[in-house]
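In what follows, a single structure is set out as structure tokens and then discussed.
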Protein chains: 2
Amino acid sequence: MLNLSDDILEPPGRSPVALDVARRAGVSTATVSRVLNGSAGVRADKREAVMRAAQDLGFVANGAARALSTRRFMAVGAVVPNIENEAFVRVLSCVQDRLRQAGYTLIAANAGYDLEDELREATFLLERGVDGLMLVGDIHHPDLYARITRSGIPMVQTFSLSREHPCVGFDNAASAARAANYLMDLGHRRIGVISGLRKDNDRGGARVTGIAQALAARGLRLAPEHDIEISYGIGGGRDGFRQMLAGGRPPTAIICGTDQIAFGAMIEARARGLSVPGDLSVIGHNDSDFAPFLDPPLTTIRIHSAEIGHAAGDHLIARIQGRPMVRLTEIDAELILRASTAPPRLDAG
Amino acid sequence: MLNLSDDILEPPGRSPVALDVARRAGVSTATVSRVLNGSAGVRADKREAVMRAAQDLGFVANGAARALSTRRFMAVGAVVPNIENEAFVRVLSCVQDRLRQAGYTLIAANAGYDLEDELREATFLLERGVDGLMLVGDIHHPDLYARITRSGIPMVQTFSLSREHPCVGFDNAASAARAANYLMDLGHRRIGVISGLRKDNDRGGARVTGIAQALAARGLRLAPEHDIEISYGIGGGRDGFRQMLAGGRPPTAIICGTDQIAFGAMIEARARGLSVPGDLSVIGHNDSDFAPFLDPPLTTIRIHSAEIGHAAGDHLIARIQGRPMVRLTEIDAELILRASTAPPRLDAG
DNA sequence: TGGCTATCTGAAAGCGCTTTCAGAAACCGT
DNA sequence: ACGGTTTCTGAAAGCGCTTTCAGATAGCCA
């Protein structure tokens, strides 16, 4: 690196502050602030001088001081159940897109499907001073709502609909019911479910409820041995389907909580000599990247994570900026038909 | 909600500050600060009073004021090329683990494999006042290093080794070479590569170089028509392999930049009537969740993302806290042998 | 009980920025 | 050239917390 005088002058211990810029430009810190924040009403020559001085010094405003002064942290927090889950990552990424455009930062945290942990993480973000908060689902620690209210910042829930709180999501029960109806229309009468853990997870719970109700509406029932709950993942899907087969008469179709679970179930089915969709129809959830590439390509409920993220971001920004905003935004999920579903064999009874 | 007097007393407009707690507890803000930061030397009765007052008021310290005062933001930033990439997400998640234990927050940003964007995002984080910075790879915008130096915060690079900068990673060239040697040991002589975009991506570049050198060391060469660069993803893998077949005599083995690419290539191979590993051996990178479940299970280079993340987190925390830290930490990648690799057919020549 | 040390505590001074408010400078028409 | 505007600018007052420093209090022994 060249030893330009500017570099040498900078004592490495202390980074330049607004006062340094002001002195160098021969103005006051007030003017420095005005220039750097783009507010009008500064004569061109002074504006120039400030810009140059800031540039020379490599001045970067201290975010904490700015936040303290403006009472805006310029960041919003998001707590998701699992930061490694494809759908949540997509949402975070899209929320961040929108925030960035408005000059805000996203700070994401992981709750691990546990209400206490979620409370802890959200409190952490609240302490940091985030200007808004994004959560997943409609089940939260009661103290959490109190703290959010007290902090006075806007909050939005995602991935499910809520009658109490602002939300961007879809009707998990209805979309799962749609999948069940589709299977029944194909002629299936023994339909199973493999879902992720449902504790403190309204999405998972609603989906199973929706399916059960759709079955009931046509005089069928979700047999307990066909209602499996496992921890997420491909391995979980294998285990789940194995468990289901152990429960007596096998279903002719299953609806899975994620595409990973569906993938696992399909692997296990094949290992047992069952063909998909010949002996077993399979439906997943999410429309993951790999879903169209499975063998057979997976029929799945596409959750528009990107749209949810964008809408949630817009929602928070609007409320932070004091603009009016609808309480509920519905981003409908969609049943994507591929080749993992077909009518049951005639002899399947 | 019950209308407890405490709730009513709180004017919703203004959240309580340290002074409110101090008054209610009958002490000064200095003592409040001492109690809430766990510093010793406060008599038990006053400590109690402060705790109760803080509790009653639902007091949450203002993070900006604290940061301004302590000159610590208690957050570190991370800029990764693609926040939706499994390996990077894993690293972020593990870095966060470590940071959290030390009381720090992670703020992640997306650079999209573009040096300018990376500079922009990193600057954004620097402005925020992060206490440390994690980057991916050893190729960055020259201005970025200058800004980091000027800010005086510790930085660590990940996923590759660097002779200049602090880093936690592995030798991409060597591990890819190991895969190539393994294939050559099996008897392969026409080996191809499908990698992600290599522009501004030292990892991708190093891997291809490593493979080319390993081939050269045994008197073979990486034919240009067997050296394919595509954008990441399963679809990319399909396209890439199709492209490779169009280039004349097909390879008997390929090494792919990610498991997704490998998956795509396997799909395309099968569509062309080639069996894996009979006609084509395939090696991936990352050991993704689904790799063991592909058909056949995928041989892949396992990158220990979790360990990299933990080490990077520890590295930053140590330096932030002024503890000494080694400049370079090597977390070796590992070749995981599964069923997608086998000796070439005898007639493959 | 007095005097000395060991503990506690509060007043006050920042941290670095934004923003108000009043004064200075520039501009205008006559 | 002068009063009246209009436009700019800087001094100074916070924002809410931490931390120093000196004074107050408690504890102890003789």
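Residues are referred to by chain and number: the chain letter is A, B, ... according to the order shown in the structure tokens, the number counts from 1 in that chain, and ligands are numbered separately from 1 in the order shown.
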
Any chance you could lay chain A over chain B, fitting all C-alpha atoms in order by least squares, and write the moved chain as a CSV table (one decimal) with C-alpha atoms, in the first residue's frame?
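As a result, superposed.csv now contains:
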```csv
chain,number,residue,atom,x,y,z
A,1,MET,CA,-55.3,-8.7,29.5
A,2,LEU,CA,-55.7,-7.6,33.1
A,3,ASN,CA,-55.5,-3.9,33.7
A,4,LEU,CA,-52.9,-4.1,36.4
A,5,SER,CA,-52.0,-0.7,37.7
A,6,ASP,CA,-48.4,-1.0,36.4
A,7,ASP,CA,-49.7,-1.4,32.9
A,8,ILE,CA,-51.9,1.6,33.2
A,9,LEU,CA,-49.2,3.8,34.7
A,10,GLU,CA,-47.0,3.2,31.7
A,11,PRO,CA,-47.7,5.9,29.2
A,12,PRO,CA,-47.6,3.9,26.0
A,13,GLY,CA,-45.8,6.6,24.1
A,14,ARG,CA,-42.5,6.5,26.0
A,15,SER,CA,-40.8,3.4,27.2
A,16,PRO,CA,-39.0,3.6,30.6
A,17,VAL,CA,-35.4,4.6,30.8
A,18,ALA,CA,-32.8,4.1,33.4
A,19,LEU,CA,-33.8,7.3,35.2
A,20,ASP,CA,-37.3,6.0,35.7
A,21,VAL,CA,-35.9,2.8,37.2
A,22,ALA,CA,-33.5,4.8,39.4
A,23,ARG,CA,-36.3,7.1,40.7
A,24,ARG,CA,-38.6,4.2,41.5
A,25,ALA,CA,-35.8,2.3,43.3
A,26,GLY,CA,-34.6,5.4,45.1
A,27,VAL,CA,-31.1,5.3,43.7
A,28,SER,CA,-29.1,7.0,40.9
A,29,THR,CA,-28.8,5.8,37.4
A,30,ALA,CA,-25.2,4.9,38.1
A,31,THR,CA,-26.4,2.3,40.5
A,32,VAL,CA,-29.0,1.1,38.1
A,33,SER,CA,-26.3,0.6,35.5
A,34,ARG,CA,-24.2,-1.2,38.0
A,35,VAL,CA,-26.9,-3.6,39.0
A,36,LEU,CA,-28.1,-4.3,35.5
A,37,ASN,CA,-24.6,-5.0,34.2
A,38,GLY,CA,-23.8,-7.4,37.1
A,39,SER,CA,-20.9,-5.4,38.4
A,40,ALA,CA,-20.1,-6.1,42.0
A,41,GLY,CA,-20.1,-3.6,44.8
A,42,VAL,CA,-23.8,-2.8,45.2
A,43,ARG,CA,-25.4,-3.5,48.6
A,44,ALA,CA,-28.0,-6.3,48.5
A,45,ASP,CA,-31.0,-4.2,49.4
A,46,LYS,CA,-30.4,-1.6,46.7
A,47,ARG,CA,-29.7,-4.3,44.2
A,48,GLU,CA,-33.0,-5.9,45.1
A,49,ALA,CA,-34.8,-2.6,44.8
A,50,VAL,CA,-33.3,-1.9,41.3
A,51,MET,CA,-34.2,-5.3,40.1
A,52,ARG,CA,-37.7,-5.0,41.2
A,53,ALA,CA,-38.2,-1.6,39.8
A,54,ALA,CA,-36.7,-2.7,36.4
A,55,GLN,CA,-39.0,-5.7,36.4
A,56,ASP,CA,-42.1,-3.6,37.3
A,57,LEU,CA,-41.4,-1.1,34.6
A,58,GLY,CA,-40.5,-3.6,32.0
A,59,PHE,CA,-37.3,-1.7,31.6
A,60,VAL,CA,-35.1,-2.6,28.6
A,61,ALA,CA,-31.9,-0.8,28.2
A,62,ASN,CA,-31.5,1.3,25.1
A,63,GLY,CA,-29.0,-0.6,22.9
A,64,ALA,CA,-27.8,2.5,21.0
A,65,ALA,CA,-27.0,4.4,24.1
A,66,ARG,CA,-25.2,1.5,25.6
A,67,ALA,CA,-23.3,1.0,22.4
A,68,LEU,CA,-22.4,4.6,22.2
A,69,SER,CA,-21.2,4.7,25.7
A,70,THR,CA,-19.3,1.5,25.8
A,71,ARG,CA,-18.0,1.8,22.2
A,72,ARG,CA,-19.1,-1.8,21.7
A,73,PHE,CA,-21.9,-2.6,19.4
A,74,MET,CA,-22.0,-6.2,20.6
A,75,ALA,CA,-22.6,-7.4,17.0
A,76,VAL,CA,-20.5,-8.9,14.3
A,77,GLY,CA,-21.3,-8.8,10.6
A,78,ALA,CA,-21.0,-11.5,8.0
A,79,VAL,CA,-21.2,-11.2,4.3
A,80,VAL,CA,-21.7,-14.4,2.3
A,81,PRO,CA,-22.0,-14.8,-1.5
A,82,ASN,CA,-25.4,-16.4,-1.3
A,83,ILE,CA,-27.5,-16.5,1.9
A,84,GLU,CA,-29.7,-19.3,0.5
A,85,ASN,CA,-26.8,-21.7,0.0
A,86,GLU,CA,-26.8,-24.6,2.4
A,87,ALA,CA,-23.2,-24.4,3.3
A,88,PHE,CA,-23.2,-20.7,4.0
A,89,VAL,CA,-26.4,-20.9,6.1
A,90,ARG,CA,-24.8,-23.6,8.1
A,91,VAL,CA,-21.8,-21.4,8.8
A,92,LEU,CA,-23.9,-18.4,9.7
A,93,SER,CA,-25.9,-20.5,12.1
A,94,CYS,CA,-22.8,-21.9,13.7
A,95,VAL,CA,-21.1,-18.5,13.9
A,96,GLN,CA,-24.2,-17.2,15.6
A,97,ASP,CA,-24.1,-20.0,18.1
A,98,ARG,CA,-20.7,-18.9,19.3
A,99,LEU,CA,-21.5,-15.2,19.2
A,100,ARG,CA,-24.6,-15.7,21.2
A,101,GLN,CA,-22.7,-17.5,23.9
A,102,ALA,CA,-20.4,-14.4,24.2
A,103,GLY,CA,-23.4,-12.1,24.1
A,104,TYR,CA,-22.9,-10.9,20.6
A,105,THR,CA,-25.4,-10.8,17.7
A,106,LEU,CA,-24.8,-11.8,14.1
A,107,ILE,CA,-25.9,-9.6,11.2
A,108,ALA,CA,-25.7,-11.4,7.9
A,109,ALA,CA,-25.7,-9.9,4.5
A,110,ASN,CA,-25.8,-11.2,0.9
A,111,ALA,CA,-23.2,-10.3,-1.7
A,112,GLY,CA,-24.4,-12.3,-4.6
A,113,TYR,CA,-20.9,-13.3,-5.9
A,114,ASP,CA,-20.2,-9.7,-6.8
A,115,LEU,CA,-17.3,-7.7,-5.4
A,116,GLU,CA,-19.0,-4.3,-5.7
A,117,ASP,CA,-22.1,-5.6,-4.0
A,118,GLU,CA,-20.0,-7.2,-1.3
A,119,LEU,CA,-18.2,-3.9,-0.7
A,120,ARG,CA,-21.5,-2.1,-0.4
A,121,GLU,CA,-22.9,-4.6,2.0
A,122,ALA,CA,-19.8,-4.7,4.1
A,123,THR,CA,-19.7,-0.9,4.3
A,124,PHE,CA,-23.3,-0.9,5.4
A,125,LEU,CA,-22.3,-3.2,8.3
A,126,LEU,CA,-19.3,-1.2,9.1
A,127,GLU,CA,-21.4,1.9,9.3
A,128,ARG,CA,-23.7,0.1,11.7
A,129,GLY,CA,-20.7,-0.3,13.9
A,130,VAL,CA,-20.2,-4.1,14.0
A,131,ASP,CA,-17.3,-5.2,16.2
A,132,GLY,CA,-16.1,-7.8,13.8
A,133,LEU,CA,-16.6,-9.0,10.2
A,134,MET,CA,-16.7,-12.4,8.6
A,135,LEU,CA,-16.2,-12.8,4.9
A,136,VAL,CA,-16.1,-15.7,2.5
A,137,GLY,CA,-13.1,-16.4,0.4
A,138,ASP,CA,-9.9,-14.5,-0.4
A,139,ILE,CA,-10.9,-12.2,-3.2
A,140,HIS,CA,-12.4,-8.9,-2.2
A,141,HIS,CA,-12.7,-5.4,-3.4
A,142,PRO,CA,-9.4,-3.6,-2.7
A,143,ASP,CA,-11.3,-0.7,-1.0
A,144,LEU,CA,-12.8,-3.2,1.4
A,145,TYR,CA,-9.6,-4.1,3.0
A,146,ALA,CA,-8.8,-0.4,3.4
A,147,ARG,CA,-12.1,0.3,5.1
A,148,ILE,CA,-11.7,-2.7,7.4
A,149,THR,CA,-8.3,-1.6,8.4
A,150,ARG,CA,-9.4,1.9,9.0
A,151,SER,CA,-12.3,0.8,11.2
A,152,GLY,CA,-9.8,-1.2,13.3
A,153,ILE,CA,-12.1,-4.2,13.8
A,154,PRO,CA,-11.1,-7.8,13.4
A,155,MET,CA,-12.0,-9.6,10.2
A,156,VAL,CA,-11.8,-13.3,9.3
A,157,GLN,CA,-12.1,-15.0,6.0
A,158,THR,CA,-13.7,-18.4,5.6
A,159,PHE,CA,-13.8,-21.4,3.2
A,160,SER,CA,-10.4,-20.9,1.8
A,161,LEU,CA,-6.9,-20.3,3.1
A,162,SER,CA,-5.1,-17.1,2.7
A,163,ARG,CA,-1.5,-16.1,3.1
A,164,GLU,CA,-2.3,-12.5,3.9
A,165,HIS,CA,-5.4,-12.4,6.0
A,166,PRO,CA,-6.8,-14.2,9.0
A,167,CYS,CA,-8.8,-17.2,7.9
A,168,VAL,CA,-10.6,-20.4,8.7
A,169,GLY,CA,-10.9,-22.8,5.9
A,170,PHE,CA,-9.4,-25.5,3.9
A,171,ASP,CA,-7.2,-26.0,0.8
A,172,ASN,CA,-9.7,-26.1,-2.0
A,173,ALA,CA,-7.1,-27.1,-4.6
A,174,ALA,CA,-5.8,-29.9,-2.5
A,175,SER,CA,-9.1,-31.4,-1.6
A,176,ALA,CA,-10.3,-31.3,-5.2
A,177,ALA,CA,-7.0,-32.8,-6.2
A,178,ARG,CA,-7.6,-35.6,-3.8
A,179,ALA,CA,-10.9,-36.4,-5.5
A,180,ALA,CA,-9.2,-36.4,-8.9
A,181,ASN,CA,-6.5,-38.7,-7.6
A,182,TYR,CA,-9.1,-41.0,-6.2
A,183,LEU,CA,-10.8,-41.2,-9.6
A,184,MET,CA,-7.4,-41.8,-11.3
A,185,ASP,CA,-6.6,-44.5,-8.8
A,186,LEU,CA,-9.9,-46.2,-9.9
A,187,GLY,CA,-8.6,-46.1,-13.4
A,188,HIS,CA,-10.3,-43.0,-14.9
A,189,ARG,CA,-8.3,-41.1,-17.5
A,190,ARG,CA,-11.0,-38.7,-18.9
A,191,ILE,CA,-12.2,-36.6,-16.0
A,192,GLY,CA,-14.4,-33.6,-16.3
A,193,VAL,CA,-15.4,-30.7,-14.1
A,194,ILE,CA,-18.7,-28.8,-13.7
A,195,SER,CA,-18.2,-25.9,-11.4
A,196,GLY,CA,-20.2,-22.8,-10.5
A,197,LEU,CA,-19.3,-19.4,-11.7
A,198,ARG,CA,-15.6,-18.8,-11.0
A,199,LYS,CA,-15.5,-15.1,-11.4
A,200,ASP,CA,-14.4,-13.5,-8.2
A,201,ASN,CA,-14.7,-16.9,-6.6
A,202,ASP,CA,-11.3,-18.2,-5.4
A,203,ARG,CA,-12.8,-21.5,-4.1
A,204,GLY,CA,-14.2,-22.5,-7.4
A,205,GLY,CA,-11.1,-21.5,-9.2
A,206,ALA,CA,-8.8,-23.3,-6.8
A,207,ARG,CA,-10.7,-26.5,-7.1
A,208,VAL,CA,-10.5,-26.6,-10.9
A,209,THR,CA,-6.8,-25.6,-10.7
A,210,GLY,CA,-6.2,-28.4,-8.2
A,211,ILE,CA,-7.8,-30.9,-10.4
A,212,ALA,CA,-6.0,-29.8,-13.5
A,213,GLN,CA,-2.7,-30.0,-11.6
A,214,ALA,CA,-3.5,-33.5,-10.2
A,215,LEU,CA,-4.2,-34.6,-13.8
A,216,ALA,CA,-1.1,-33.0,-15.1
A,217,ALA,CA,1.0,-34.8,-12.4
A,218,ARG,CA,-0.1,-38.1,-13.9
A,219,GLY,CA,0.4,-37.0,-17.5
A,220,LEU,CA,-3.3,-36.3,-18.2
A,221,ARG,CA,-5.0,-33.0,-18.9
A,222,LEU,CA,-8.3,-31.4,-18.3
A,223,ALA,CA,-9.7,-31.0,-21.7
A,224,PRO,CA,-11.3,-27.6,-22.3
A,225,GLU,CA,-14.6,-29.2,-23.4
A,226,HIS,CA,-14.6,-31.1,-20.1
A,227,ASP,CA,-14.2,-27.9,-18.1
A,228,ILE,CA,-17.7,-26.4,-17.7
A,229,GLU,CA,-18.8,-23.4,-15.7
A,230,ILE,CA,-22.4,-22.9,-15.0
A,231,SER,CA,-24.6,-21.0,-12.5
A,232,TYR,CA,-25.3,-23.1,-9.5
A,233,GLY,CA,-28.3,-25.4,-9.1
A,234,ILE,CA,-29.7,-28.7,-10.2
A,235,GLY,CA,-30.8,-27.3,-13.5
A,236,GLY,CA,-27.3,-25.9,-14.0
A,237,GLY,CA,-25.9,-29.4,-13.4
A,238,ARG,CA,-28.2,-30.8,-16.1
A,239,ASP,CA,-27.2,-28.1,-18.6
A,240,GLY,CA,-23.6,-28.5,-17.7
A,241,PHE,CA,-23.4,-32.1,-18.3
A,242,ARG,CA,-25.4,-31.8,-21.6
A,243,GLN,CA,-22.9,-29.2,-22.7
A,244,MET,CA,-20.1,-31.5,-21.8
A,245,LEU,CA,-21.5,-34.4,-23.9
A,246,ALA,CA,-21.8,-32.0,-26.8
A,247,GLY,CA,-18.0,-31.5,-26.6
A,248,GLY,CA,-17.1,-34.8,-28.2
A,249,ARG,CA,-15.7,-37.8,-26.4
A,250,PRO,CA,-17.5,-37.9,-23.0
A,251,PRO,CA,-15.5,-38.2,-19.7
A,252,THR,CA,-15.8,-41.3,-17.6
A,253,ALA,CA,-16.0,-39.3,-14.4
A,254,ILE,CA,-16.9,-35.8,-13.3
A,255,ILE,CA,-16.2,-33.7,-10.3
A,256,CYS,CA,-19.0,-31.1,-9.5
A,257,GLY,CA,-18.8,-27.9,-7.6
A,258,THR,CA,-21.8,-28.7,-5.4
A,259,ASP,CA,-24.0,-31.7,-4.7
A,260,GLN,CA,-26.8,-29.9,-6.5
A,261,ILE,CA,-24.8,-29.8,-9.6
A,262,ALA,CA,-23.9,-33.4,-9.2
A,263,PHE,CA,-27.5,-34.3,-8.8
A,264,GLY,CA,-28.4,-32.4,-12.0
A,265,ALA,CA,-25.6,-34.1,-13.9
A,266,MET,CA,-26.8,-37.5,-12.7
A,267,ILE,CA,-30.3,-36.8,-13.8
A,268,GLU,CA,-29.0,-35.8,-17.2
A,269,ALA,CA,-26.8,-38.8,-17.5
A,270,ARG,CA,-29.7,-41.1,-16.7
A,271,ALA,CA,-31.8,-39.3,-19.3
A,272,ARG,CA,-29.1,-40.0,-21.8
A,273,GLY,CA,-29.1,-43.7,-21.0
A,274,LEU,CA,-25.8,-43.5,-19.1
A,275,SER,CA,-25.6,-45.4,-15.8
A,276,VAL,CA,-24.0,-44.0,-12.7
A,277,PRO,CA,-21.4,-45.2,-11.7
A,278,GLY,CA,-21.2,-47.8,-14.6
A,279,ASP,CA,-20.7,-45.3,-17.4
A,280,LEU,CA,-20.0,-42.2,-15.4
A,281,SER,CA,-18.6,-41.7,-11.9
A,282,VAL,CA,-19.8,-38.5,-10.2
A,283,ILE,CA,-18.3,-36.6,-7.2
A,284,GLY,CA,-20.0,-33.7,-5.5
A,285,HIS,CA,-19.0,-31.0,-3.0
A,286,ASN,CA,-20.5,-30.3,0.4
A,287,ASP,CA,-22.1,-33.5,1.5
A,288,SER,CA,-25.6,-32.0,1.5
A,289,ASP,CA,-28.4,-33.6,3.5
A,290,PHE,CA,-29.7,-35.3,0.4
A,291,ALA,CA,-26.4,-36.7,-0.9
A,292,PRO,CA,-26.6,-40.1,0.9
A,293,PHE,CA,-30.2,-40.5,-0.4
A,294,LEU,CA,-29.6,-40.0,-4.1
A,295,ASP,CA,-29.7,-43.0,-6.4
A,296,PRO,CA,-26.9,-44.0,-6.2
A,297,PRO,CA,-25.7,-42.3,-3.0
A,298,LEU,CA,-23.3,-39.6,-3.9
A,299,THR,CA,-19.6,-39.6,-3.3
A,300,THR,CA,-18.7,-36.1,-2.3
A,301,ILE,CA,-16.2,-33.9,-0.6
A,302,ARG,CA,-17.5,-33.0,2.8
A,303,ILE,CA,-16.9,-29.5,3.8
A,304,HIS,CA,-17.1,-29.1,7.5
A,305,SER,CA,-19.2,-26.0,7.4
A,306,ALA,CA,-20.2,-26.3,11.0
A,307,GLU,CA,-16.6,-26.5,12.2
A,308,ILE,CA,-15.7,-23.6,10.0
A,309,GLY,CA,-18.5,-21.6,11.5
A,310,HIS,CA,-17.6,-22.4,15.1
A,311,ALA,CA,-13.9,-21.7,14.5
A,312,ALA,CA,-14.7,-18.4,12.7
A,313,GLY,CA,-17.0,-17.4,15.6
A,314,ASP,CA,-14.4,-18.2,18.2
A,315,HIS,CA,-11.7,-16.4,16.2
A,316,LEU,CA,-13.7,-13.2,16.0
A,317,ILE,CA,-14.8,-13.3,19.7
A,318,ALA,CA,-11.2,-13.9,20.8
A,319,ARG,CA,-9.8,-11.0,18.8
A,320,ILE,CA,-12.7,-8.7,19.9
A,321,GLN,CA,-11.9,-9.5,23.4
A,322,GLY,CA,-8.3,-8.9,22.8
A,323,ARG,CA,-7.1,-12.4,23.2
A,324,PRO,CA,-4.4,-13.8,21.0
A,325,MET,CA,-5.5,-15.9,18.1
A,326,VAL,CA,-3.8,-17.9,15.4
A,327,ARG,CA,-4.0,-16.3,12.0
A,328,LEU,CA,-4.8,-19.5,10.1
A,329,THR,CA,-7.1,-22.3,11.0
A,330,GLU,CA,-7.4,-25.3,8.7
A,331,ILE,CA,-10.5,-27.4,8.8
A,332,ASP,CA,-9.8,-30.1,6.4
A,333,ALA,CA,-12.4,-31.2,3.9
A,334,GLU,CA,-12.9,-34.9,3.6
A,335,LEU,CA,-13.7,-37.3,0.7
A,336,ILE,CA,-16.8,-39.3,1.5
A,337,LEU,CA,-17.0,-42.4,-0.5
A,338,ARG,CA,-20.4,-43.7,-1.6
A,339,ALA,CA,-21.7,-45.5,-4.6
A,340,SER,CA,-21.6,-42.9,-7.4
A,341,THR,CA,-18.0,-43.7,-8.1
A,342,ALA,CA,-16.5,-46.9,-9.5
A,343,PRO,CA,-13.8,-48.0,-11.9
A,344,PRO,CA,-14.5,-47.1,-15.5
A,345,ARG,CA,-15.8,-49.8,-17.9
A,346,LEU,CA,-12.9,-51.7,-19.4
A,347,ASP,CA,-14.0,-50.7,-22.9
A,348,ALA,CA,-14.1,-47.0,-22.0
A,349,GLY,CA,-10.5,-46.6,-23.1
```

task = Check the DSSP output for the backbone and give back, as a VMD selection string, the residues of stretch 134-303 of chain A in strand (DSSP E).
result = chain A and resid 134 to 136 155 to 158 167 to 169 191 to 195 227 to 229 253 to 256 281 to 285 299 to 302

request  = From the DSSP assignment of the backbone, select every residue of stretch 24-69 of chain B that is alpha helix (DSSP H), and format the answer as number ranges by chain.
outcome  = B: 24-25, 29-36, 44-57, 63-69
